[in-house]
>>> print(open('data.cif').read())   # mmCIF, C-alpha atoms
data_query
loop_
_atom_site.label_atom_id
_atom_site.label_comp_id
_atom_site.auth_asym_id
_atom_site.auth_seq_id
_atom_site.Cartn_x
_atom_site.Cartn_y
_atom_site.Cartn_z
CA MET A 19 -25.74 9.98 -27.87
CA SER A 20 -24.57 8.57 -31.11
CA ARG A 21 -27.92 8.33 -32.88
CA TRP A 22 -31.25 9.01 -31.24
CA ASN A 23 -34.23 9.51 -33.47
CA PRO A 24 -36.95 11.35 -31.53
CA SER A 25 -39.65 8.91 -32.66
CA ARG A 26 -41.30 6.95 -29.86
CA GLY A 27 -40.13 3.59 -31.20
CA ASP A 28 -36.53 4.74 -31.26
CA ASN A 29 -36.80 6.18 -27.76
CA HIS A 30 -38.04 2.82 -26.58
CA ARG A 31 -35.25 0.88 -28.25
CA GLN A 32 -32.51 3.28 -27.19
CA THR A 33 -33.74 3.42 -23.63
CA GLN A 34 -33.65 -0.35 -23.33
CA ALA A 35 -30.15 -0.43 -24.83
CA LEU A 36 -28.85 2.20 -22.41
CA LEU A 37 -30.34 0.89 -19.17
CA PRO A 38 -27.14 -0.88 -17.99
CA TRP A 39 -25.24 2.41 -18.10
CA TYR A 40 -28.16 4.41 -16.75
CA LEU A 41 -28.05 2.19 -13.68
CA THR A 42 -24.36 2.82 -13.11
CA GLY A 43 -24.66 6.56 -13.74
CA ARG A 44 -22.43 6.38 -16.80
CA LEU A 45 -24.65 8.27 -19.25
CA ASP A 46 -24.09 11.90 -20.02
CA PRO A 47 -26.76 14.28 -18.71
CA ASP A 48 -28.60 14.55 -22.03
CA GLU A 49 -28.81 10.79 -22.42
CA ALA A 50 -29.89 10.28 -18.84
CA GLY A 51 -32.57 12.96 -19.29
CA ARG A 52 -33.96 11.26 -22.38
CA VAL A 53 -33.97 7.88 -20.65
CA GLU A 54 -35.82 9.32 -17.65
CA ALA A 55 -38.35 11.09 -19.86
CA HIS A 56 -39.09 7.83 -21.62
CA LEU A 57 -39.26 5.86 -18.37
CA ASP A 58 -41.93 8.29 -17.15
CA GLU A 59 -44.21 7.30 -19.98
CA CYS A 60 -43.30 3.65 -20.64
CA GLY A 61 -44.28 0.94 -18.17
CA ALA A 62 -42.48 -1.74 -20.18
CA CYS A 63 -39.19 0.10 -19.83
CA ARG A 64 -39.76 0.60 -16.09
CA ASP A 65 -40.21 -3.17 -15.81
CA GLU A 66 -37.08 -3.63 -17.89
CA LEU A 67 -35.16 -1.31 -15.57
CA ALA A 68 -36.24 -3.36 -12.55
CA ALA A 69 -35.20 -6.58 -14.29
CA GLU A 70 -31.89 -5.03 -15.30
CA ARG A 71 -31.22 -4.01 -11.72
CA ARG A 72 -31.86 -7.55 -10.49
CA LEU A 73 -29.67 -9.05 -13.19
CA ARG A 74 -26.79 -6.71 -12.44
CA GLU A 75 -26.93 -7.47 -8.74
CA ALA A 76 -27.01 -11.17 -9.51
CA VAL A 77 -23.93 -10.93 -11.72
CA LEU A 78 -22.05 -8.81 -9.16
CA SER A 79 -22.83 -11.19 -6.31
CA ALA A 80 -22.01 -14.35 -8.24
CA PRO A 81 -18.80 -16.14 -7.26
CA GLU A 82 -15.78 -15.51 -9.41
CA PRO A 83 -14.35 -18.45 -11.37
CA GLU A 84 -12.82 -20.93 -8.95
CA PHE A 85 -9.39 -20.69 -10.47
CA ALA A 86 -9.17 -17.03 -9.48
CA SER A 87 -8.30 -17.98 -5.92
CA ASP A 88 -6.38 -21.15 -6.71
CA LEU A 89 -2.64 -20.66 -6.45
CA SER A 90 -1.72 -24.27 -6.99
CA HIS A 91 -1.12 -23.69 -10.68
CA ARG A 92 1.39 -20.88 -10.24
CA ARG A 93 4.28 -21.96 -12.38
CA ARG A 94 6.75 -19.16 -12.03
CA VAL A 95 7.50 -15.76 -10.66
CA PRO A 96 5.39 -13.18 -12.49
CA ILE A 97 7.49 -11.65 -15.22
CA VAL A 98 6.45 -8.19 -14.20
CA ALA A 99 8.26 -8.79 -10.93
CA TRP A 100 11.42 -7.74 -12.73
CA ALA A 101 10.50 -4.13 -12.21
CA ALA A 102 10.56 -4.42 -8.46
CA GLY A 103 13.24 -7.08 -8.71
CA ALA A 104 15.64 -4.62 -10.22
CA MET A 105 15.40 -2.73 -6.96
CA GLY A 106 16.11 -5.87 -4.96
CA ALA A 107 12.50 -6.24 -3.84
CA ILE A 108 11.21 -9.12 -5.86
CA ALA A 109 9.57 -10.76 -2.86
CA ALA A 110 7.54 -7.64 -2.23
CA SER A 111 6.28 -7.69 -5.77
CA VAL A 112 5.36 -11.34 -5.56
CA ALA A 113 3.67 -10.65 -2.26
CA VAL A 114 1.50 -8.05 -3.96
CA ALA A 115 0.29 -10.65 -6.42
CA VAL A 116 -0.31 -13.29 -3.77
CA VAL A 117 -2.07 -10.98 -1.36
CA THR A 118 -4.31 -9.79 -4.14
CA LEU A 119 -5.16 -13.30 -5.14
CA GLN A 120 -5.81 -14.55 -1.64
CA PRO A 121 -6.69 -11.65 0.59
CA ALA A 122 -7.85 -13.97 3.35
CA HIS A 123 -4.49 -15.70 3.59
CA ALA A 124 -1.56 -13.48 2.83
CA PRO A 125 1.63 -15.49 3.27
CA ALA A 126 4.54 -13.95 5.10
CA ARG A 127 7.46 -12.81 3.02
CA HIS A 128 9.69 -15.67 4.20
CA GLU A 129 6.99 -18.13 3.12
CA ILE A 130 7.11 -16.71 -0.37
CA TYR A 131 10.86 -17.00 -0.49
CA ARG A 132 10.63 -20.62 0.61
CA THR A 133 8.06 -21.34 -2.07
CA LEU A 134 10.24 -19.83 -4.75
CA GLY A 135 13.28 -21.60 -3.37
CA ASP A 136 11.53 -24.93 -3.67
CA THR A 137 11.30 -24.56 -7.41
CA PRO A 138 13.91 -26.76 -9.07
CA ALA A 139 16.86 -24.59 -9.91
CA PRO A 140 17.17 -25.62 -13.57
CA ASP A 141 13.66 -24.24 -14.27
CA VAL A 142 14.17 -20.84 -12.65
CA GLY A 143 14.81 -18.01 -15.02
CA ASP A 144 16.51 -14.81 -14.02
CA VAL A 145 16.18 -12.63 -17.12
CA VAL A 146 13.29 -11.79 -19.42
CA VAL A 147 13.89 -10.86 -23.01
CA VAL A 148 11.72 -9.70 -25.89
CA PHE A 149 13.03 -9.99 -29.42
CA ASP A 150 12.08 -7.73 -32.30
CA PRO A 151 9.54 -9.23 -34.69
CA THR A 152 12.19 -8.97 -37.39
CA CYS A 153 14.83 -10.79 -35.33
CA SER A 154 16.15 -13.76 -37.25
CA VAL A 155 16.81 -17.17 -35.74
CA GLU A 156 20.52 -16.59 -36.29
CA GLN A 157 20.40 -13.29 -34.41
CA MET A 158 18.53 -14.95 -31.58
CA HIS A 159 21.08 -17.74 -31.34
CA GLU A 160 23.93 -15.26 -31.42
CA ALA A 161 22.40 -13.12 -28.69
CA LEU A 162 21.89 -16.15 -26.46
CA ALA A 163 25.41 -17.36 -27.13
CA ARG A 164 26.95 -13.96 -26.31
CA ALA A 165 24.95 -13.89 -23.07
CA ARG A 166 25.73 -17.55 -22.36
CA ALA A 167 22.03 -17.85 -21.53
CA ARG A 168 19.45 -20.47 -22.32
CA ILE A 169 15.70 -20.27 -22.67
CA VAL A 170 13.80 -21.86 -19.78
CA ASP A 171 10.29 -20.55 -20.45
CA GLY A 172 8.23 -18.84 -23.10
CA PRO A 173 7.39 -17.47 -25.43
CA THR A 174 4.33 -16.11 -23.68
CA SER A 175 1.40 -14.83 -25.69
CA GLY A 176 3.25 -11.52 -25.87
CA GLY A 177 6.47 -13.08 -27.12
CA VAL A 178 8.35 -12.87 -23.83
CA TYR A 179 11.12 -15.41 -23.17
CA VAL A 180 12.54 -16.23 -19.75
CA LEU A 181 16.26 -16.98 -19.72
CA ARG A 182 18.67 -18.55 -17.27
CA THR A 183 22.09 -16.94 -17.16
CA PRO A 184 25.31 -18.40 -15.71
CA HIS A 185 25.83 -18.05 -11.97
CA GLY A 186 27.33 -14.64 -11.27
CA GLY A 187 27.06 -13.65 -14.89
CA ARG A 188 23.70 -11.99 -15.06
CA GLN A 189 24.89 -8.42 -15.50
CA ALA A 190 27.27 -9.44 -18.23
CA ALA A 191 24.46 -11.35 -19.89
CA LEU A 192 22.13 -8.36 -19.71
CA THR A 193 24.80 -6.14 -21.24
CA ALA A 194 25.37 -8.65 -24.02
CA LEU A 195 21.68 -9.04 -24.72
CA ARG A 196 21.01 -5.31 -24.76
CA GLY A 197 23.82 -4.84 -27.22
CA SER A 198 22.65 -7.58 -29.53
CA PRO A 199 20.77 -6.86 -32.76
CA GLY A 200 17.17 -8.01 -32.61
CA VAL A 201 16.76 -7.66 -28.84
CA ARG A 202 14.04 -5.19 -27.94
CA LEU A 203 14.14 -5.55 -24.17
CA ALA A 204 16.20 -7.44 -21.61
CA GLU A 205 15.57 -7.09 -17.90
CA SER A 206 16.56 -8.86 -14.72
CA LEU A 207 14.01 -10.87 -12.80
CA GLY A 208 15.51 -9.66 -9.57
CA GLY A 209 17.66 -11.12 -6.82
CA GLU A 210 21.43 -11.30 -6.89
CA GLY A 211 23.06 -12.00 -10.15
CA MET B 17 -27.27 11.51 -14.03
CA ALA B 18 -29.91 9.87 -11.99
CA GLY B 19 -29.22 6.20 -12.55
CA GLY B 20 -29.01 5.01 -8.98
CA GLN B 21 -27.46 1.74 -7.96
CA SER B 22 -29.18 -0.55 -5.58
CA ALA B 23 -26.67 -2.18 -3.30
CA GLY B 24 -27.04 -5.78 -2.20
CA ALA B 25 -25.20 -8.03 0.20
CA GLY B 26 -22.11 -9.63 -1.26
CA ILE B 27 -21.97 -7.41 -4.29
CA ARG B 28 -18.45 -6.61 -5.42
CA ARG B 29 -17.37 -3.59 -7.33
CA ALA B 30 -14.11 -2.33 -8.66
CA PRO B 31 -11.86 -0.68 -6.07
CA THR B 32 -12.23 3.07 -5.95
CA LEU B 33 -8.64 3.84 -4.93
CA ARG B 34 -7.95 4.98 -8.46
CA LEU B 35 -9.99 8.08 -7.83
CA VAL B 36 -7.28 9.59 -5.66
CA VAL B 37 -4.28 8.59 -7.73
CA ASP B 38 -3.00 10.64 -10.65
CA GLU B 39 -2.56 7.75 -13.02
CA SER B 40 -1.44 9.91 -15.93
CA ALA B 41 1.45 11.18 -13.82
CA LEU B 42 2.36 7.60 -12.99
CA VAL B 43 2.50 6.66 -16.67
CA GLU B 44 4.62 9.72 -17.40
CA ARG B 45 7.07 8.63 -14.70
CA ILE B 46 7.05 5.09 -16.08
CA ALA B 47 7.93 6.47 -19.51
CA GLY B 48 10.95 8.02 -17.85
CA GLY B 49 12.02 4.64 -16.50
CA ASP B 50 10.69 5.07 -12.96
CA GLN B 51 10.28 1.51 -11.68
CA ARG B 52 8.61 2.61 -8.46
CA ALA B 53 5.89 4.26 -10.52
CA PHE B 54 5.49 1.06 -12.49
CA ASP B 55 5.21 -0.93 -9.29
CA GLU B 56 2.52 1.47 -8.04
CA LEU B 57 0.52 1.21 -11.24
CA TYR B 58 0.92 -2.56 -11.13
CA ARG B 59 -0.51 -2.68 -7.61
CA LEU B 60 -3.41 -0.45 -8.65
CA TYR B 61 -4.38 -2.48 -11.65
CA LEU B 62 -3.60 -6.04 -10.61
CA PRO B 63 -6.99 -6.74 -8.96
CA ARG B 64 -8.96 -5.12 -11.77
CA LEU B 65 -7.00 -6.82 -14.53
CA ARG B 66 -7.18 -10.19 -12.80
CA ARG B 67 -10.94 -9.86 -12.56
CA PHE B 68 -11.27 -8.73 -16.19
CA LEU B 69 -8.93 -11.35 -17.62
CA GLY B 70 -10.46 -14.02 -15.42
CA THR B 71 -13.78 -13.20 -17.03
CA MET B 72 -12.40 -13.45 -20.54
CA LEU B 73 -10.06 -16.41 -20.18
CA SER B 74 -10.57 -19.88 -18.82
CA SER B 75 -7.45 -20.84 -16.92
CA LEU B 76 -5.28 -19.33 -14.24
CA PRO B 77 -1.99 -19.92 -16.08
CA LEU B 78 -3.35 -18.09 -19.11
CA VAL B 79 -4.62 -15.23 -16.95
CA GLU B 80 -1.18 -14.93 -15.37
CA GLU B 81 0.54 -14.98 -18.70
CA VAL B 82 -1.70 -12.36 -20.25
CA LEU B 83 -1.43 -10.23 -17.13
CA ASP B 84 2.35 -10.36 -17.32
CA ASP B 85 2.35 -9.52 -20.99
CA THR B 86 -0.09 -6.67 -20.47
CA MET B 87 2.09 -5.05 -17.85
CA LEU B 88 5.18 -5.59 -19.96
CA VAL B 89 3.50 -3.68 -22.78
CA VAL B 90 2.56 -0.95 -20.30
CA TRP B 91 6.24 -0.66 -19.40
CA THR B 92 7.62 -0.74 -22.91
CA ARG B 93 4.93 1.43 -24.53
CA SER B 94 4.35 3.97 -21.78
CA GLY B 95 6.12 6.57 -23.91
CA SER B 96 3.38 6.30 -26.51
CA PHE B 97 0.61 7.16 -24.05
CA ASP B 98 -0.44 10.65 -25.06
CA GLY B 99 -3.20 11.30 -22.54
CA ALA B 100 -5.91 11.37 -25.20
CA SER B 101 -7.71 8.63 -23.32
CA LYS B 102 -7.89 7.71 -19.67
CA VAL B 103 -5.12 5.50 -18.33
CA SER B 104 -7.70 2.86 -17.46
CA THR B 105 -8.90 2.81 -21.07
CA TRP B 106 -5.34 2.44 -22.30
CA VAL B 107 -4.46 -0.35 -19.86
CA PHE B 108 -7.70 -2.27 -20.38
CA SER B 109 -7.37 -2.01 -24.16
CA ILE B 110 -3.89 -3.52 -23.94
CA ALA B 111 -5.22 -6.30 -21.72
CA TYR B 112 -8.15 -6.91 -24.03
CA ARG B 113 -6.01 -7.16 -27.16
CA THR B 114 -3.46 -9.35 -25.39
CA ALA B 115 -6.22 -11.67 -24.18
CA LEU B 116 -7.71 -11.94 -27.65
CA ASN B 117 -4.30 -12.77 -29.09
CA ALA B 118 -3.81 -15.41 -26.43
CA LEU B 119 -7.20 -16.93 -27.19
CA ARG B 120 -6.42 -17.03 -30.89
CA ARG B 121 -3.12 -18.72 -30.28
CA ARG B 122 -4.55 -21.24 -27.85
CA ARG B 123 -7.62 -21.75 -30.01
CA GLU B 124 -9.77 -22.13 -26.97
CA PRO B 125 -13.20 -23.56 -27.68
CA ASN B 126 -14.93 -20.51 -26.24
CA SER B 127 -13.27 -18.24 -28.78
CA ASP B 128 -15.34 -19.70 -31.60
CA GLU B 129 -17.11 -17.08 -33.66
CA ASP B 130 -20.43 -18.92 -33.53
CA HIS B 131 -20.26 -19.48 -29.81
CA GLU B 132 -22.90 -16.92 -28.96
CA GLU B 133 -25.42 -18.73 -31.10
CA ARG B 134 -25.26 -21.88 -29.05
CA PRO B 135 -28.15 -22.59 -26.74
CA SER B 136 -27.73 -22.35 -23.01
CA PRO B 137 -26.76 -25.63 -21.38
CA ASP B 138 -29.50 -27.80 -20.10
CA LEU B 139 -29.87 -27.69 -16.37
CA GLY B 140 -30.43 -30.90 -14.45
CA PRO B 141 -33.33 -31.33 -12.05
CA GLU B 142 -31.24 -30.18 -9.08
CA GLU B 143 -30.37 -26.94 -10.85
CA GLN B 144 -34.02 -26.11 -11.11
CA LEU B 145 -33.93 -25.34 -7.40
CA ALA B 146 -33.55 -21.80 -6.11
CA GLY B 147 -30.65 -20.16 -4.28
CA LYS B 148 -27.24 -21.64 -5.03
CA HIS B 149 -28.56 -23.32 -8.11
CA ALA B 150 -29.42 -19.93 -9.55
CA ARG B 151 -25.76 -18.96 -9.10
CA ARG B 152 -24.70 -22.13 -10.81
CA ALA B 153 -27.05 -21.35 -13.67
CA LEU B 154 -25.59 -17.86 -13.97
CA LEU B 155 -22.00 -19.12 -14.07
CA LEU B 156 -22.93 -21.63 -16.74
CA ALA B 157 -24.69 -18.95 -18.72
CA MET B 158 -21.65 -16.65 -18.46
CA GLU B 159 -19.41 -19.45 -19.68
CA ARG B 160 -21.60 -19.86 -22.73
CA LEU B 161 -21.10 -16.25 -23.76
CA SER B 162 -18.22 -15.38 -26.05
CA PRO B 163 -15.16 -13.65 -24.51
CA ASP B 164 -16.26 -10.40 -26.17
CA HIS B 165 -19.68 -10.55 -24.56
CA ARG B 166 -18.25 -11.47 -21.16
CA ALA B 167 -15.83 -8.56 -21.46
CA VAL B 168 -18.67 -6.09 -22.08
CA VAL B 169 -20.67 -7.46 -19.15
CA ASP B 170 -17.68 -7.28 -16.81
CA LEU B 171 -16.58 -3.80 -17.90
CA THR B 172 -20.15 -2.52 -17.54
CA TYR B 173 -21.29 -4.16 -14.33
CA PHE B 174 -18.12 -4.62 -12.30
CA HIS B 175 -15.78 -1.92 -13.56
CA GLU B 176 -18.69 0.47 -14.17
CA LEU B 177 -17.30 1.87 -17.40
CA GLY B 178 -19.44 3.79 -19.88
CA TYR B 179 -20.17 2.32 -23.28
CA ARG B 180 -17.97 4.88 -25.02
CA GLU B 181 -14.93 3.84 -22.99
CA ILE B 182 -15.76 0.17 -23.57
CA ALA B 183 -15.97 0.82 -27.32
CA GLU B 184 -12.55 2.46 -27.16
CA ILE B 185 -11.10 -0.46 -25.22
CA MET B 186 -12.51 -3.00 -27.64
CA SER B 187 -11.87 -0.88 -30.75
CA CYS B 188 -15.43 -1.31 -31.95
CA PRO B 189 -18.39 0.96 -32.77
CA LEU B 190 -20.61 2.24 -29.98
CA GLU B 191 -23.56 0.32 -31.36
CA THR B 192 -21.59 -2.91 -31.18
CA VAL B 193 -21.09 -2.44 -27.44
CA LYS B 194 -24.81 -1.86 -26.96
CA THR B 195 -25.69 -4.84 -29.14
CA ARG B 196 -23.30 -7.13 -27.27
CA MET B 197 -24.67 -5.99 -23.94
CA HIS B 198 -28.23 -6.40 -25.16
CA TYR B 199 -27.51 -9.94 -26.31
CA ALA B 200 -25.70 -10.82 -23.08
CA ARG B 201 -28.52 -9.46 -20.91
CA ARG B 202 -31.10 -11.40 -22.88
CA HIS B 203 -29.01 -14.57 -22.72
CA LEU B 204 -28.40 -14.31 -18.97
CA ARG B 205 -31.99 -13.46 -18.16
CA ARG B 206 -33.21 -16.36 -20.25
CA ALA B 207 -30.85 -18.70 -18.42
CA LEU B 208 -32.04 -17.32 -15.09
CA SER B 209 -35.68 -17.23 -16.00
CA GLY B 210 -37.72 -17.54 -12.85
CA ARG B 211 -34.61 -17.62 -10.62
CA LEU B 212 -33.77 -13.96 -10.18
CA ALA B 213 -36.48 -13.55 -7.56
CA ASP B 214 -34.66 -16.17 -5.43
CA TRP B 215 -31.31 -14.52 -5.83
CA LEU B 216 -30.71 -11.96 -3.14
#
>>> encode(input="data.cif", output="structure tokens")
Amino acid sequence: MSRWNPSRGDNHRQTQALLPWYLTGRLDPDEAGRVEAHLDECGACRDELAAERRLREAVLSAPEPEFASDLSHRRRVPIVAWAAGAMGAIAASVAVAVVTLQPAHAPARHEIYRTLGDTPAPDVGDVVVVFDPTCSVEQMHEALARARARIVDGPTSGGVYVLRTPHGGRQAALTALRGSPGVRLAESLGGEG
Amino acid sequence: MAGGQSAGAGIRRAPTLRLVVDESALVERIAGGDQRAFDELYRLYLPRLRRFLGTMLSSLPLVEEVLDDTMLVVWTRSGSFDGASKVSTWVFSIAYRTALNALRRRREPNSDEDHEERPSPDLGPEEQLAGKHARRALLLAMERLSPDHRAVVDLTYFHELGYREIAEIMSCPLETVKTRMHYARRHLRRALSGRLADWL
């Protein structure tokens, strides 16, 4: 417990503040013991505990925001898919995301491929890159020119750019990017390159 | 610890699979460039992070973006994880900071500093009814909380984290976590006044 003055008023206040974590069993034994001792002698806090229990159950049983199960806004392959994509399993990674989002309707792998294939080719990136904060505009331009790549998405809130590299030239582009000053990370988004 | 939980129909809680996975070992492998380990950690955390970020943010594209960025940081910074905190604390703190940065950049209305001082929305006559209207009232009340308050509620109720871990995730004092939770509980209960009995 960070601060717990043994006075009755402080016990009352601290007990009320700790009830959410008392309910989930997340207090250490000393704290839980003090809360229980106070509950034994305070009817108001027992009522508060009952109200807290009802509130918690209400919050847990409330529907999640509607957008959480709405896939219609998916705009691109998740960037993190590059990790699995580097092993030639990008569809599996995407499937993980989709199954998690819509457990009641998990699309077959070929369905996912078709969905991705329907995306207009010019908008599909195949490399993600993160530049150093100190990277100058000139360095960025030079890196893109050496890789013969162009930016098709980003930056995301984390400063990630998605690039499109020339057909058959992805590996060369990755090598060029990784060797360029100002490039912190360059990874493939999977598939054949 | 004697704080029992009373289960109710339809109540969701965070998956417990993490209990049998050595997450620290996964992060160590990720630091060594093991992409399979990254994929495994990604699968473990995707549902939890989606839930958490969905609570803090207001749109699916933004949730996706912050989720991607969070996992990218996990990949690039895994070498800096020293085991001083739990992996879940480390991952959630990255997600929290990334979400806050995204909110600042997007300047979403619900990131306003004075948001928590606004009154709860008025409920129309239909929303005075019990049952589903109580759920509607709760969702509205949650929306009126600031992202910080929603984060504390979600981490406490759904992810069942202790207040010390939440303080570490949010980089704030312990008392701040308690104060935020106290305010959120009061706000939600006020919005649901008289409706909780009709809930379950």
>>> closest_residue(input="data.cif", among="B:Ser96, B:Gln51, B:Ser40, B:Ser162", to="chain A", atoms="only C-alpha atoms")
B:Gln51
>>> atom_distance(input="data.cif", atom1="CA of Gly43 in chain A", atom2="CA of His30 in chain A")
18.9 Å
>>> closest_residue(input="data.cif", among="B:Leu156, B:Thr86, B:Leu69, B:Thr114", to="Leu208 in chain B", atoms="all atoms listed in the file")
B:Leu156
>>> closest_atom_pairs(input="data.cif", of="range 44-124 of chain B", to="range 198-205 of chain A", cutoff="12 Å", atoms="only C-alpha atoms", output="CSV")
residue,atom,partner,partner_atom,distance
B:Gln51,CA,A:Glu205,CA,11.9
B:Leu88,CA,A:Leu203,CA,9.9
B:Val89,CA,A:Leu203,CA,10.9
B:Trp91,CA,A:Leu203,CA,10.4
B:Thr92,CA,A:Leu203,CA,8.2
B:Arg93,CA,A:Leu203,CA,11.6
>>> closest_residue(input="data.cif", among="A:Asn29, A:Thr174, A:Thr193, A:Thr152", to="chain B", atoms="all atoms listed in the file")
A:Thr174
>>> resolve_selection(input="data.cif", expression="the PyMOL selection byres ((chain B and resi 87) around 12)", output="PyMOL selection string")
(chain A and resi 96-101+176+178) or (chain B and resi 43+46+54-62+65-66+80-86+88-94+106-111+114)
>>> atom_distance(input="data.cif", atom1="CA of Tyr179 in chain A", atom2="CA of Arg121 in chain B")
16.3 Å
>>> residues_around(input="data.cif", residues="range 188-192 of chain A", least_positions_apart="5", cutoff="9 Å", atoms="only C-alpha atoms", output="list in words")
Asp144, Val145, Leu162, Arg164, Ala165, Arg166, Ala167, Arg182, Thr183, Gly197, Ala204, Glu205, Ser206, Glu210 and Gly211 of chain A
>>> atom_distance(input="data.cif", atom1="CA of Cys153 in chain A", atom2="CA of Gly177 in chain A")
11.9 Å
>>> closest_residue(input="data.cif", among="B:Gly95, B:Pro163, B:Gly178, B:Gly49", to="chain A", atoms="only C-alpha atoms")
B:Gly178
>>> closest_residue(input="data.cif", among="B:Arg180, B:Arg113, B:Lys194, B:Arg122", to="chain A", atoms="all atoms listed in the file")
B:Lys194
>>> residues_around(input="data.cif", residues="Glu39 in chain B", least_positions_apart="2", cutoff="10 Å", atoms="only C-alpha atoms", output="list of chain:residue names")
B:Arg34, B:Leu35, B:Val36, B:Val37, B:Ala41, B:Leu42, B:Val43, B:Glu44, B:Arg45, B:Ala53, B:Glu56, B:Leu57, B:Leu60, B:Lys102, B:Val103, B:Ser104
>>> closest_residue(input="data.cif", among="A:Cys60, A:Val148, A:Ile169, A:Met158", to="chain B", atoms="all atoms listed in the file")
A:Val148
>>> resolve_selection(input="data.cif", expression="the PyMOL selection byres ((chain A and resi 170) around 9)", output="list of chain:residue names")
A:Pro140, A:Asp141, A:Val142, A:Gly143, A:Arg168, A:Ile169, A:Asp171, A:Gly172, A:Tyr179, A:Val180, A:Leu181, A:Arg182
